[in-house]
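Engineer: This is the structure I have questions about; it appears just below.
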Amino acid sequence: MTKTFKKRPWLTLSALSLGLFVLNVSQGSVQISINDWLGLVGLRAEENPVLGDIIVNFRLTKALTCILAGGALSLGGLMMQTLFRNPLAGPDVLGLSSGASLAVALLVMLGSTIPGYSGGAFIISLGATAGSGAILLIILAIAHRIKDNTSLLLIGLMIGATTASIVSVLQFVSRTEDQHYFLIWTFGSMGGLNWKELIVLGGVLSIGIVLAVSVSKPLNAWLLGDQYARSLGIQISKSRFIIIVATSLLAGSVTAFCGPIAFVGLAVPHLTRILINTTNHRILIPGVLLMGASVMLFCDTIAQLPGSAHVLPINAITALIGAPVVIWVIVRAKKVVV
Amino acid sequence: MHPDKSLLKTHNLSVGYATGQPLFSALNLSLAKGELVCFMGPNGVGKSTLLKTLAGLQPALGGTVTIDSAVEQPEKKLSVVLTDRITATNMTVSELIAYGRYPYLDWSLKLTPDDKAAITDAVNRTRIHYLLDKQLSQISDGQLQLAMIARALVQQTPLLLLDEPTAHLDLNNRVEIMNLLRELAHETGKGILVATHELDLALQTADLIWLAGRNNNLLTGIPEDLVLNGAFDDIFQFKGFDLKTGKVFHKPWRNMAVTVRGNGHEARWTKNALERNGFIISDSRADILIEVMLANQQVTWVFGGNSFNSLDKLIWQLRQLNP
């Protein structure tokens, strides 16, 4: 497997994503067999309208959400690891996910005290976007004054810790049912989006991906360190600004629509680098997008508990499946570099 | 030295960190085409800071640096080899070298035939073909320095600035790097500035020395002039090293004078061995006379009618004379 991967990484990665996509759509409380698939793509006469509805309006949106969310979080992780030249960085290090969490916690736990507030998934998404956006503005203001990336990383972690503790306080003082609702949100979900929301998410993520590709040269140069990057004519401040904005769009919008998804953004860049051995972001960016989509589809398929009607929280699965895989990969590769 | 060919000039340049005293002030320096300049001074004097200021990586406290070049972008005028470690050790040597083309590439990072030719030329000059597919974690420090120099050459800049390129290398690698830099300066006409504290190598390879002075200034001159006028002794405050003879000073504690008769390397190393062992070497005829004979590639030392086939045995015999 690993050998084929190294020889033909693109073919293998694409096949893997496609296979997992089909598997993901097939799995659920209603199984979809090969015969059904043939019917759906028009190769067989019989049609099953209920099945079509399930696939188009629930399974497809969920699988596409997995692809978008997995790819986006992984790309955000790749950019943060390169920017901070730190293998422990992920898209959440800038405090973006915790900003979103804080906004959602405020809405869920204090919203009931506002007269006329009715809640709802869309308001939650909007709040989460505003939360990560607010943190982004703070980070950018700090990044403007502090030129050292390691300091910025620490500040991001501190902002994350601060918001996390505010969330704890909110949970402590709020009603049990609100706590429960918030807890459900933190579990994460790939299945909550309709086509309209999916298009919005896809649109925002496209901007983030285009921005990321446009800074692939500065990202590469960053691996040599700030001084060398500048000696090669890279405009450090400008590209850092673009990298932060791109990561915020990617991580912030996914958190807004799917909840705070852990692990994927940190782990997928490492998996990708071990399988496609390069430091060139022109190759790494499509690599992490495909790998992130595959990992997310895989985790979501497992979360569906094949053969049963139960669904496990996606956030638990990403860490449960992912962490041992990453440990195994790192132990095999002996060490991890950015 | 040669104002007509000068590539880099500073005018009243003052260097240091905004919070402290300037490390250097009122510098009026010039670096000429095809010249290898070694910038020397004790550790901590601010060699890296001046180098980074000249490279435009750190703002000057005052004064100007001008580079005479037809191109606008600073990255096409000047390339650097710094002491910063590269953390991405899974990078291959060819990926590292290709970074040097970044000033010429657009966002797609596609290498044109021109770019590839520049890379081939740099690889030929540094003779590192055999390293191209290796990862940085798999090569030695000396090989990494050669790759970093190749990366800088690929940038095709008239000026090349290197910060301690021979630090942590063994003698053989140090000599290889310094010889390569001299060759590059003379063959490609680049102006090359090397910050180093490798005194012996710098004295033998540099065309010009910049020596960090005591009063935030720089002394410049060819190596031999600075040796003979005592500038080095003054700056480095040698403890037991005689720069003019190029040797460590030995105290003649045996109080025995020896005259060595012979020629060439054999006689010179015989004298070295005796001095290190505390004997006084006397040119006029002393009580003890040693003759160095060379026959059929074989060295023999004759003393007091006996002949010896190694210095070790000869010195053991001489020691027996000591009361």
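Just so we're on the same page: first chain in the structure tokens is A, next is B, and so on; residues restart at 1 for each chain, and ligands are numbered from 1 in the order they show up.
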Segment 300-317 of chain A: which residues within 9 Å, counting only C-alpha atoms, same-chain residues fewer than 4 positions away excluded, as a PDB file with N, CA, C and O atoms, in the first residue's frame?
Structural biologist:
ATOM      1  N   LEU A  20     -13.989   6.125  -0.647  1.00  0.00           N
ATOM      2  CA  LEU A  20     -14.541   6.488   0.655  1.00  0.00           C
ATOM      3  C   LEU A  20     -15.812   7.313   0.499  1.00  0.00           C
ATOM      4  O   LEU A  20     -16.737   7.214   1.309  1.00  0.00           O
ATOM      5  N   LEU A  23     -18.526   4.805  -0.287  1.00  0.00           N
ATOM      6  CA  LEU A  23     -18.787   4.044   0.937  1.00  0.00           C
ATOM      7  C   LEU A  23     -19.575   4.892   1.926  1.00  0.00           C
ATOM      8  O   LEU A  23     -20.532   4.443   2.547  1.00  0.00           O
ATOM      9  N   ASN A  24     -19.151   6.161   2.047  1.00  0.00           N
ATOM     10  CA  ASN A  24     -19.792   7.061   2.997  1.00  0.00           C
ATOM     11  C   ASN A  24     -21.262   7.281   2.648  1.00  0.00           C
ATOM     12  O   ASN A  24     -22.132   7.267   3.508  1.00  0.00           O
ATOM     13  N   VAL A  25     -21.521   7.468   1.350  1.00  0.00           N
ATOM     14  CA  VAL A  25     -22.898   7.709   0.925  1.00  0.00           C
ATOM     15  C   VAL A  25     -23.739   6.444   1.122  1.00  0.00           C
ATOM     16  O   VAL A  25     -24.923   6.513   1.467  1.00  0.00           O
ATOM     17  N   GLN A  27     -23.407   4.105   3.433  1.00  0.00           N
ATOM     18  CA  GLN A  27     -23.604   3.700   4.828  1.00  0.00           C
ATOM     19  C   GLN A  27     -24.617   4.585   5.535  1.00  0.00           C
ATOM     20  O   GLN A  27     -24.698   5.780   5.261  1.00  0.00           O
ATOM     21  N   GLY A  28     -25.357   3.972   6.455  1.00  0.00           N
ATOM     22  CA  GLY A  28     -26.307   4.752   7.232  1.00  0.00           C
ATOM     23  C   GLY A  28     -27.431   3.848   7.693  1.00  0.00           C
ATOM     24  O   GLY A  28     -27.349   2.627   7.557  1.00  0.00           O
ATOM     25  N   SER A  29     -28.464   4.476   8.220  1.00  0.00           N
ATOM     26  CA  SER A  29     -29.565   3.667   8.727  1.00  0.00           C
ATOM     27  C   SER A  29     -30.250   2.916   7.580  1.00  0.00           C
ATOM     28  O   SER A  29     -30.843   1.883   7.778  1.00  0.00           O
ATOM     29  N   VAL A  30     -30.163   3.457   6.364  1.00  0.00           N
ATOM     30  CA  VAL A  30     -30.642   2.729   5.191  1.00  0.00           C
ATOM     31  C   VAL A  30     -29.419   2.394   4.333  1.00  0.00           C
ATOM     32  O   VAL A  30     -28.693   3.287   3.912  1.00  0.00           O
ATOM     33  N   GLN A  31     -29.192   1.070   4.127  1.00  0.00           N
ATOM     34  CA  GLN A  31     -28.044   0.659   3.324  1.00  0.00           C
ATOM     35  C   GLN A  31     -28.360   0.857   1.838  1.00  0.00           C
ATOM     36  O   GLN A  31     -29.470   0.658   1.413  1.00  0.00           O
ATOM     37  N   LYS A  62     -24.037  15.441   3.221  1.00  0.00           N
ATOM     38  CA  LYS A  62     -23.144  15.081   4.331  1.00  0.00           C
ATOM     39  C   LYS A  62     -21.751  14.709   3.802  1.00  0.00           C
ATOM     40  O   LYS A  62     -20.723  15.170   4.322  1.00  0.00           O
ATOM     41  N   ALA A  63     -21.715  13.900   2.749  1.00  0.00           N
ATOM     42  CA  ALA A  63     -20.420  13.475   2.196  1.00  0.00           C
ATOM     43  C   ALA A  63     -19.659  14.675   1.641  1.00  0.00           C
ATOM     44  O   ALA A  63     -18.445  14.798   1.835  1.00  0.00           O
ATOM     45  N   CYS A  66     -18.185  16.571   4.421  1.00  0.00           N
ATOM     46  CA  CYS A  66     -16.961  15.906   4.885  1.00  0.00           C
ATOM     47  C   CYS A  66     -15.774  16.306   4.016  1.00  0.00           C
ATOM     48  O   CYS A  66     -14.694  16.635   4.513  1.00  0.00           O
ATOM     49  N   ILE A 184     -23.689  19.191  22.579  1.00  0.00           N
ATOM     50  CA  ILE A 184     -23.965  18.549  21.288  1.00  0.00           C
ATOM     51  C   ILE A 184     -23.220  19.288  20.174  1.00  0.00           C
ATOM     52  O   ILE A 184     -22.623  18.677  19.298  1.00  0.00           O
ATOM     53  N   THR A 186     -20.452  20.963  20.429  1.00  0.00           N
ATOM     54  CA  THR A 186     -19.011  20.708  20.476  1.00  0.00           C
ATOM     55  C   THR A 186     -18.663  19.318  19.951  1.00  0.00           C
ATOM     56  O   THR A 186     -17.523  19.062  19.610  1.00  0.00           O
ATOM     57  N   PHE A 187     -19.651  18.409  19.899  1.00  0.00           N
ATOM     58  CA  PHE A 187     -19.368  17.095  19.330  1.00  0.00           C
ATOM     59  C   PHE A 187     -19.079  17.178  17.833  1.00  0.00           C
ATOM     60  O   PHE A 187     -18.441  16.317  17.273  1.00  0.00           O
ATOM     61  N   GLY A 188     -19.610  18.211  17.202  1.00  0.00           N
ATOM     62  CA  GLY A 188     -19.409  18.376  15.771  1.00  0.00           C
ATOM     63  C   GLY A 188     -20.396  17.546  14.982  1.00  0.00           C
ATOM     64  O   GLY A 188     -20.890  16.524  15.456  1.00  0.00           O
ATOM     65  N   SER A 189     -20.714  18.015  13.790  1.00  0.00           N
ATOM     66  CA  SER A 189     -21.646  17.270  12.949  1.00  0.00           C
ATOM     67  C   SER A 189     -21.397  17.606  11.487  1.00  0.00           C
ATOM     68  O   SER A 189     -21.176  18.762  11.131  1.00  0.00           O
ATOM     69  N   MET A 190     -21.429  16.565  10.666  1.00  0.00           N
ATOM     70  CA  MET A 190     -21.246  16.768   9.232  1.00  0.00           C
ATOM     71  C   MET A 190     -22.593  16.798   8.518  1.00  0.00           C
ATOM     72  O   MET A 190     -22.680  17.119   7.350  1.00  0.00           O
ATOM     73  N   GLY A 259     -19.140  22.714  13.682  1.00  0.00           N
ATOM     74  CA  GLY A 259     -18.673  22.594  15.065  1.00  0.00           C
ATOM     75  C   GLY A 259     -17.150  22.498  15.099  1.00  0.00           C
ATOM     76  O   GLY A 259     -16.504  22.410  14.060  1.00  0.00           O
ATOM     77  N   PRO A 260     -16.590  22.548  16.325  1.00  0.00           N
ATOM     78  CA  PRO A 260     -15.123  22.512  16.424  1.00  0.00           C
ATOM     79  C   PRO A 260     -14.600  21.094  16.198  1.00  0.00           C
ATOM     80  O   PRO A 260     -14.693  20.255  17.081  1.00  0.00           O
ATOM     81  N   ILE A 261     -14.077  20.841  15.011  1.00  0.00           N
ATOM     82  CA  ILE A 261     -13.569  19.507  14.684  1.00  0.00           C
ATOM     83  C   ILE A 261     -12.093  19.430  15.066  1.00  0.00           C
ATOM     84  O   ILE A 261     -11.268  20.172  14.528  1.00  0.00           O
ATOM     85  N   ALA A 262     -11.788  18.524  15.983  1.00  0.00           N
ATOM     86  CA  ALA A 262     -10.412  18.430  16.469  1.00  0.00           C
ATOM     87  C   ALA A 262      -9.593  17.499  15.593  1.00  0.00           C
ATOM     88  O   ALA A 262     -10.141  16.784  14.754  1.00  0.00           O
ATOM     89  N   PHE A 263      -8.278  17.528  15.785  1.00  0.00           N
ATOM     90  CA  PHE A 263      -7.330  16.550  15.292  1.00  0.00           C
ATOM     91  C   PHE A 263      -7.028  16.597  13.783  1.00  0.00           C
ATOM     92  O   PHE A 263      -5.875  16.525  13.387  1.00  0.00           O
ATOM     93  N   VAL A 295      -9.751  11.393   5.015  1.00  0.00           N
ATOM     94  CA  VAL A 295      -9.759  11.120   6.454  1.00  0.00           C
ATOM     95  C   VAL A 295     -11.129  11.455   7.041  1.00  0.00           C
ATOM     96  O   VAL A 295     -11.694  10.695   7.832  1.00  0.00           O
ATOM     97  N   MET A 296     -11.680  12.591   6.615  1.00  0.00           N
ATOM     98  CA  MET A 296     -12.977  13.009   7.151  1.00  0.00           C
ATOM     99  C   MET A 296     -14.089  12.061   6.727  1.00  0.00           C
ATOM    100  O   MET A 296     -14.957  11.701   7.530  1.00  0.00           O
ATOM    101  N   ILE A 321      -9.888   7.569  16.122  1.00  0.00           N
ATOM    102  CA  ILE A 321      -9.279   6.854  14.999  1.00  0.00           C
ATOM    103  C   ILE A 321      -7.943   7.500  14.668  1.00  0.00           C
ATOM    104  O   ILE A 321      -6.951   6.831  14.398  1.00  0.00           O
ATOM    105  N   GLY A 322      -7.944   8.814  14.705  1.00  0.00           N
ATOM    106  CA  GLY A 322      -6.800   9.553  14.186  1.00  0.00           C
ATOM    107  C   GLY A 322      -5.573   9.493  15.045  1.00  0.00           C
ATOM    108  O   GLY A 322      -4.480   9.253  14.539  1.00  0.00           O
TER     109      GLY A 322
END
Engineer: Do a neighbour search on Gln298 of chain B at 12 Å with only C-alpha atoms, toss out local chain neighbours closer than 2 positions, and write the hits as a VMD selection string.
Structural biologist: chain B and resid 266 292 to 296 300 to 301 308 to 310
Engineer: How about saving the chosen residues, N, CA, C and O atoms kept, as a short mmCIF file (atom, residue, chain, number, x, y, z; two decimals), in the first residue's frame?
Structural biologist:
data_model
loop_
_atom_site.label_atom_id
_atom_site.label_comp_id
_atom_site.auth_asym_id
_atom_site.auth_seq_id
_atom_site.Cartn_x
_atom_site.Cartn_y
_atom_site.Cartn_z
N GLU B 266 61.70 18.81 6.38
CA GLU B 266 62.23 17.92 7.42
C GLU B 266 62.89 18.73 8.53
O GLU B 266 62.65 18.50 9.71
N VAL B 292 70.00 16.64 9.86
CA VAL B 292 68.85 15.97 9.26
C VAL B 292 69.27 15.48 7.88
O VAL B 292 69.69 16.27 7.04
N MET B 293 69.22 14.17 7.68
CA MET B 293 69.67 13.60 6.40
C MET B 293 68.46 13.01 5.68
O MET B 293 67.58 12.40 6.30
N LEU B 294 68.45 13.20 4.37
CA LEU B 294 67.35 12.63 3.58
C LEU B 294 67.95 11.74 2.50
O LEU B 294 68.75 12.19 1.69
N ALA B 295 67.61 10.47 2.53
CA ALA B 295 68.09 9.55 1.50
C ALA B 295 67.00 8.55 1.17
O ALA B 295 66.41 7.95 2.07
N ASN B 296 66.71 8.38 -0.11
CA ASN B 296 65.67 7.44 -0.57
C ASN B 296 64.34 7.65 0.17
O ASN B 296 63.77 6.71 0.68
N THR B 300 66.67 10.56 8.30
CA THR B 300 67.47 10.06 9.42
C THR B 300 68.04 11.26 10.16
O THR B 300 68.39 12.27 9.54
N TRP B 301 68.04 11.18 11.48
CA TRP B 301 68.62 12.25 12.28
C TRP B 301 69.93 11.74 12.90
O TRP B 301 69.94 10.63 13.46
N PHE B 308 69.10 8.19 14.16
CA PHE B 308 67.75 7.85 14.66
C PHE B 308 66.78 7.85 13.48
O PHE B 308 66.91 8.67 12.58
N ASN B 309 65.81 6.96 13.49
CA ASN B 309 64.84 6.95 12.38
C ASN B 309 63.51 7.59 12.75
O ASN B 309 62.58 7.61 11.95
N SER B 310 63.39 8.13 13.97
CA SER B 310 62.18 8.91 14.28
C SER B 310 62.54 10.03 15.24
O SER B 310 63.49 9.92 16.02
#
Engineer: Under the rule that only C-alpha atoms are counted, which of B:Ala32, B:Gly20, B:Leu8, B:Asn43 is the nearest residue to Thr66 of chain B?
Structural biologist: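 So, comparing all the options, the nearest one is B:Leu8.
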Engineer: Compute the set of chain B residues within 7 Å of chain A, using only C-alpha atoms, and express it as number ranges by chain.
Structural biologist: B: 57, 75, 79-80, 86, 88-91, 102-103, 107
Engineer: With DSSP run on the backbone, what are the alpha helix (DSSP H) residues within segment 33-149 of chain B? I'd like them as a PyMOL selection string.
Structural biologist: chain B and resi 47-54+93-98+113-126+141-149
Engineer: Just the selected residues (N, CA, C and O atoms), exported as a compact mmCIF listing (two decimals), in the first residue's frame, please.
Structural biologist:
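The file below, part-v1.txt, is the result:
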# COMPACT_ATOMS: atom_id res chain seq x y z
N LYS B 47 29.67 41.08 13.90
CA LYS B 47 29.90 40.73 12.49
C LYS B 47 28.59 40.39 11.79
O LYS B 47 28.31 40.88 10.71
N SER B 48 27.77 39.55 12.45
CA SER B 48 26.49 39.15 11.83
C SER B 48 25.59 40.34 11.62
O SER B 48 24.89 40.45 10.61
N THR B 49 25.59 41.26 12.61
CA THR B 49 24.71 42.43 12.52
C THR B 49 25.08 43.30 11.33
O THR B 49 24.21 43.73 10.57
N LEU B 50 26.38 43.53 11.16
CA LEU B 50 26.80 44.34 10.01
C LEU B 50 26.45 43.64 8.70
O LEU B 50 25.94 44.26 7.76
N LEU B 51 26.69 42.33 8.68
CA LEU B 51 26.40 41.56 7.47
C LEU B 51 24.92 41.66 7.10
O LEU B 51 24.56 41.89 5.94
N LYS B 52 24.05 41.52 8.12
CA LYS B 52 22.61 41.57 7.85
C LYS B 52 22.18 42.98 7.44
O LYS B 52 21.26 43.14 6.64
N THR B 53 22.85 43.98 8.00
CA THR B 53 22.52 45.35 7.61
C THR B 53 22.91 45.59 6.15
O THR B 53 22.15 46.17 5.37
N LEU B 54 24.11 45.10 5.77
CA LEU B 54 24.54 45.25 4.38
C LEU B 54 23.57 44.51 3.45
O LEU B 54 23.28 44.96 2.34
N VAL B 93 18.24 18.26 -1.33
CA VAL B 93 19.23 19.25 -1.71
C VAL B 93 18.80 19.98 -2.98
O VAL B 93 18.95 21.20 -3.08
N SER B 94 18.20 19.25 -3.94
CA SER B 94 17.80 19.95 -5.16
C SER B 94 16.64 20.91 -4.90
O SER B 94 16.61 21.99 -5.49
N GLU B 95 15.72 20.55 -3.98
CA GLU B 95 14.67 21.51 -3.61
C GLU B 95 15.30 22.76 -2.99
O GLU B 95 14.91 23.89 -3.29
N LEU B 96 16.29 22.55 -2.12
CA LEU B 96 16.95 23.67 -1.44
C LEU B 96 17.62 24.59 -2.47
O LEU B 96 17.47 25.81 -2.39
N ILE B 97 18.33 24.00 -3.42
CA ILE B 97 19.05 24.82 -4.40
C ILE B 97 18.06 25.61 -5.25
O ILE B 97 18.29 26.78 -5.56
N ALA B 98 16.93 24.98 -5.60
CA ALA B 98 15.94 25.65 -6.46
C ALA B 98 15.38 26.92 -5.82
O ALA B 98 14.93 27.82 -6.52
N PRO B 113 14.09 26.87 -18.87
CA PRO B 113 15.45 26.38 -19.20
C PRO B 113 16.55 27.26 -18.60
O PRO B 113 17.59 26.75 -18.18
N ASP B 114 16.31 28.57 -18.53
CA ASP B 114 17.30 29.48 -17.92
C ASP B 114 17.53 29.13 -16.45
O ASP B 114 18.66 29.10 -15.98
N ASP B 115 16.42 28.90 -15.75
CA ASP B 115 16.52 28.54 -14.33
C ASP B 115 17.31 27.25 -14.17
O ASP B 115 18.19 27.14 -13.32
N LYS B 116 16.98 26.27 -15.03
CA LYS B 116 17.65 24.97 -14.93
C LYS B 116 19.14 25.10 -15.24
O LYS B 116 19.98 24.45 -14.62
N ALA B 117 19.47 25.97 -16.21
CA ALA B 117 20.88 26.16 -16.55
C ALA B 117 21.63 26.78 -15.37
O ALA B 117 22.77 26.39 -15.07
N ALA B 118 20.98 27.74 -14.69
CA ALA B 118 21.62 28.38 -13.54
C ALA B 118 21.87 27.34 -12.45
O ALA B 118 22.91 27.35 -11.78
N ILE B 119 20.91 26.43 -12.26
CA ILE B 119 21.06 25.40 -11.23
C ILE B 119 22.20 24.45 -11.60
O ILE B 119 23.06 24.15 -10.77
N THR B 120 22.23 24.01 -12.87
CA THR B 120 23.30 23.11 -13.30
C THR B 120 24.67 23.75 -13.10
O THR B 120 25.61 23.12 -12.61
N ASP B 121 24.77 25.04 -13.45
CA ASP B 121 26.05 25.73 -13.29
C ASP B 121 26.49 25.78 -11.83
O ASP B 121 27.64 25.49 -11.51
N ALA B 122 25.55 26.08 -10.94
CA ALA B 122 25.89 26.18 -9.51
C ALA B 122 26.30 24.81 -8.96
O ALA B 122 27.23 24.70 -8.16
N VAL B 123 25.60 23.77 -9.42
CA VAL B 123 25.92 22.42 -8.96
C VAL B 123 27.32 22.02 -9.46
O VAL B 123 28.11 21.42 -8.72
N ASN B 124 27.62 22.38 -10.70
CA ASN B 124 28.96 22.09 -11.22
C ASN B 124 30.05 22.80 -10.44
O ASN B 124 31.07 22.22 -10.12
N ARG B 125 29.80 24.07 -10.13
CA ARG B 125 30.84 24.84 -9.44
C ARG B 125 31.08 24.33 -8.03
O ARG B 125 32.20 24.35 -7.53
N THR B 126 30.00 23.91 -7.36
CA THR B 126 30.16 23.42 -5.99
C THR B 126 30.41 21.91 -5.95
O THR B 126 30.64 21.36 -4.87
N ASP B 141 27.46 18.54 7.77
CA ASP B 141 27.44 20.00 7.87
C ASP B 141 28.19 20.66 6.71
O ASP B 141 27.77 21.68 6.18
N GLY B 142 29.32 20.04 6.34
CA GLY B 142 30.11 20.60 5.25
C GLY B 142 29.35 20.53 3.94
O GLY B 142 29.36 21.48 3.15
N GLN B 143 28.68 19.40 3.71
CA GLN B 143 27.89 19.25 2.48
C GLN B 143 26.72 20.23 2.47
O GLN B 143 26.38 20.80 1.43
N LEU B 144 26.13 20.46 3.65
CA LEU B 144 25.01 21.40 3.74
C LEU B 144 25.49 22.81 3.37
O LEU B 144 24.81 23.54 2.66
N GLN B 145 26.69 23.18 3.85
CA GLN B 145 27.22 24.51 3.51
C GLN B 145 27.42 24.65 2.01
O GLN B 145 27.10 25.68 1.42
N LEU B 146 27.94 23.58 1.37
CA LEU B 146 28.13 23.63 -0.08
C LEU B 146 26.78 23.81 -0.78
O LEU B 146 26.66 24.58 -1.74
N ALA B 147 25.75 23.11 -0.27
CA ALA B 147 24.41 23.23 -0.86
C ALA B 147 23.86 24.64 -0.67
O ALA B 147 23.24 25.21 -1.58
N MET B 148 24.12 25.23 0.52
CA MET B 148 23.65 26.59 0.77
C MET B 148 24.37 27.58 -0.16
O MET B 148 23.77 28.55 -0.62
N ILE B 149 25.65 27.32 -0.41
CA ILE B 149 26.39 28.20 -1.33
C ILE B 149 25.84 28.04 -2.75
O ILE B 149 25.64 29.03 -3.46
Engineer: Which residues are close to Thr129 of chain A, i.e. within 12 Å by only C-alpha atoms, leaving aside same-chain residues fewer than 2 positions away? Reply as a ChimeraX atom specification.
Structural biologist: /A:96-104,122-127,131-136,201,204,248-260
Engineer: Residues as selected, C-alpha atoms, written as a PDB file, in the first residue's frame, can you do that?
Structural biologist:
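part_0.pdb was written with the following content:
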ATOM      1  CA  LEU A  96     -10.254  30.791  15.818  1.00  0.00           C
ATOM      2  CA  SER A  97     -12.164  27.670  16.890  1.00  0.00           C
ATOM      3  CA  SER A  98     -12.309  28.868  20.462  1.00  0.00           C
ATOM      4  CA  GLY A  99     -13.595  32.241  19.272  1.00  0.00           C
ATOM      5  CA  ALA A 100     -16.380  30.429  17.459  1.00  0.00           C
ATOM      6  CA  SER A 101     -17.032  28.266  20.528  1.00  0.00           C
ATOM      7  CA  LEU A 102     -17.318  31.325  22.730  1.00  0.00           C
ATOM      8  CA  ALA A 103     -19.826  32.958  20.394  1.00  0.00           C
ATOM      9  CA  VAL A 104     -21.897  29.770  20.256  1.00  0.00           C
ATOM     10  CA  PHE A 122     -28.480  29.360  11.082  1.00  0.00           C
ATOM     11  CA  ILE A 123     -28.124  31.871  13.909  1.00  0.00           C
ATOM     12  CA  ILE A 124     -25.594  29.544  15.527  1.00  0.00           C
ATOM     13  CA  SER A 125     -23.554  29.414  12.299  1.00  0.00           C
ATOM     14  CA  LEU A 126     -23.705  33.174  11.977  1.00  0.00           C
ATOM     15  CA  GLY A 127     -22.616  33.607  15.593  1.00  0.00           C
ATOM     16  CA  GLY A 131     -16.798  34.773  16.865  1.00  0.00           C
ATOM     17  CA  SER A 132     -13.904  33.532  14.742  1.00  0.00           C
ATOM     18  CA  GLY A 133     -13.991  36.770  12.766  1.00  0.00           C
ATOM     19  CA  ALA A 134     -13.588  38.807  15.968  1.00  0.00           C
ATOM     20  CA  ILE A 135     -10.639  36.674  17.061  1.00  0.00           C
ATOM     21  CA  LEU A 136      -9.151  37.047  13.587  1.00  0.00           C
ATOM     22  CA  LEU A 201     -19.586  26.990   2.828  1.00  0.00           C
ATOM     23  CA  VAL A 204     -16.118  30.732   1.379  1.00  0.00           C
ATOM     24  CA  SER A 248      -9.321  32.008   9.232  1.00  0.00           C
ATOM     25  CA  LEU A 249     -11.716  31.644   6.332  1.00  0.00           C
ATOM     26  CA  LEU A 250     -11.040  27.915   6.119  1.00  0.00           C
ATOM     27  CA  ALA A 251     -11.121  27.064   9.815  1.00  0.00           C
ATOM     28  CA  GLY A 252     -13.668  29.673  10.873  1.00  0.00           C
ATOM     29  CA  SER A 253     -16.340  28.730   8.336  1.00  0.00           C
ATOM     30  CA  VAL A 254     -15.951  24.988   8.953  1.00  0.00           C
ATOM     31  CA  THR A 255     -16.268  25.549  12.705  1.00  0.00           C
ATOM     32  CA  ALA A 256     -19.303  27.706  12.116  1.00  0.00           C
ATOM     33  CA  PHE A 257     -21.157  25.064  10.116  1.00  0.00           C
ATOM     34  CA  CYS A 258     -19.809  21.790  11.536  1.00  0.00           C
ATOM     35  CA  GLY A 259     -18.673  22.594  15.065  1.00  0.00           C
ATOM     36  CA  PRO A 260     -15.123  22.512  16.424  1.00  0.00           C
TER      37      PRO A 260
END
Engineer: Can you tell me which residues surround segment 204-206 of chain B at a distance of at most 6 Å, considering only C-alpha atoms, apart from same-chain residues fewer than 5 positions away, and format the answer as a PyMOL selection string?
Structural biologist: chain B and resi 36-38
Engineer: Closest to Leu289 of chain B among B:Gly213, B:Ile67, B:Arg276, B:Ala257, using only C-alpha atoms?
Structural biologist: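 Residue with the minimum atom-to-atom distance to Leu289 of chain B: B:Ala257.
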Engineer: For the strand (DSSP E) assignment from backbone DSSP, which residues of segment 145-287 of chain B qualify? Please present them as an NGL selection string.
Structural biologist: :B and (159-163 or 191-196 or 208-212 or 218-221 or 241-242 or 247-248 or 257-261 or 280-281)
Engineer: Residues as selected, C-alpha atoms, written as an mmCIF file, in the first residue's frame, can you do that?
Structural biologist:
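Now in selection-v2.cif:
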data_model
loop_
_atom_site.group_PDB
_atom_site.id
_atom_site.type_symbol
_atom_site.label_atom_id
_atom_site.label_comp_id
_atom_site.auth_asym_id
_atom_site.auth_seq_id
_atom_site.Cartn_x
_atom_site.Cartn_y
_atom_site.Cartn_z
ATOM 1 C CA LEU B 159 27.232 40.111 -4.454
ATOM 2 C CA LEU B 160 27.414 37.160 -2.074
ATOM 3 C CA LEU B 161 27.509 37.588 1.719
ATOM 4 C CA LEU B 162 28.290 34.658 4.002
ATOM 5 C CA ASP B 163 28.089 34.531 7.781
ATOM 6 C CA GLY B 191 32.087 40.382 -4.823
ATOM 7 C CA ILE B 192 32.166 37.982 -1.870
ATOM 8 C CA LEU B 193 32.157 38.978 1.780
ATOM 9 C CA VAL B 194 32.756 36.291 4.410
ATOM 10 C CA ALA B 195 32.331 36.992 8.102
ATOM 11 C CA THR B 196 34.629 34.594 9.907
ATOM 12 C CA LEU B 208 41.199 41.980 1.487
ATOM 13 C CA ILE B 209 40.487 41.918 5.209
ATOM 14 C CA TRP B 210 37.949 44.005 7.069
ATOM 15 C CA LEU B 211 39.014 43.944 10.670
ATOM 16 C CA ALA B 212 36.592 45.058 13.371
ATOM 17 C CA LEU B 218 36.729 48.852 10.689
ATOM 18 C CA LEU B 219 40.333 48.576 9.535
ATOM 19 C CA THR B 220 40.797 47.420 5.966
ATOM 20 C CA GLY B 221 43.876 46.170 4.186
ATOM 21 C CA PHE B 241 50.116 32.701 19.492
ATOM 22 C CA ASP B 242 52.678 34.473 17.362
ATOM 23 C CA LYS B 247 52.940 29.421 15.415
ATOM 24 C CA VAL B 248 51.983 28.867 19.013
ATOM 25 C CA ALA B 257 70.404 25.098 22.947
ATOM 26 C CA VAL B 258 70.280 22.942 19.839
ATOM 27 C CA THR B 259 71.437 23.638 16.314
ATOM 28 C CA VAL B 260 69.674 21.881 13.486
ATOM 29 C CA ARG B 261 71.455 21.426 10.193
ATOM 30 C CA ILE B 280 66.115 26.533 22.377
ATOM 31 C CA ILE B 281 66.797 26.547 18.657
#
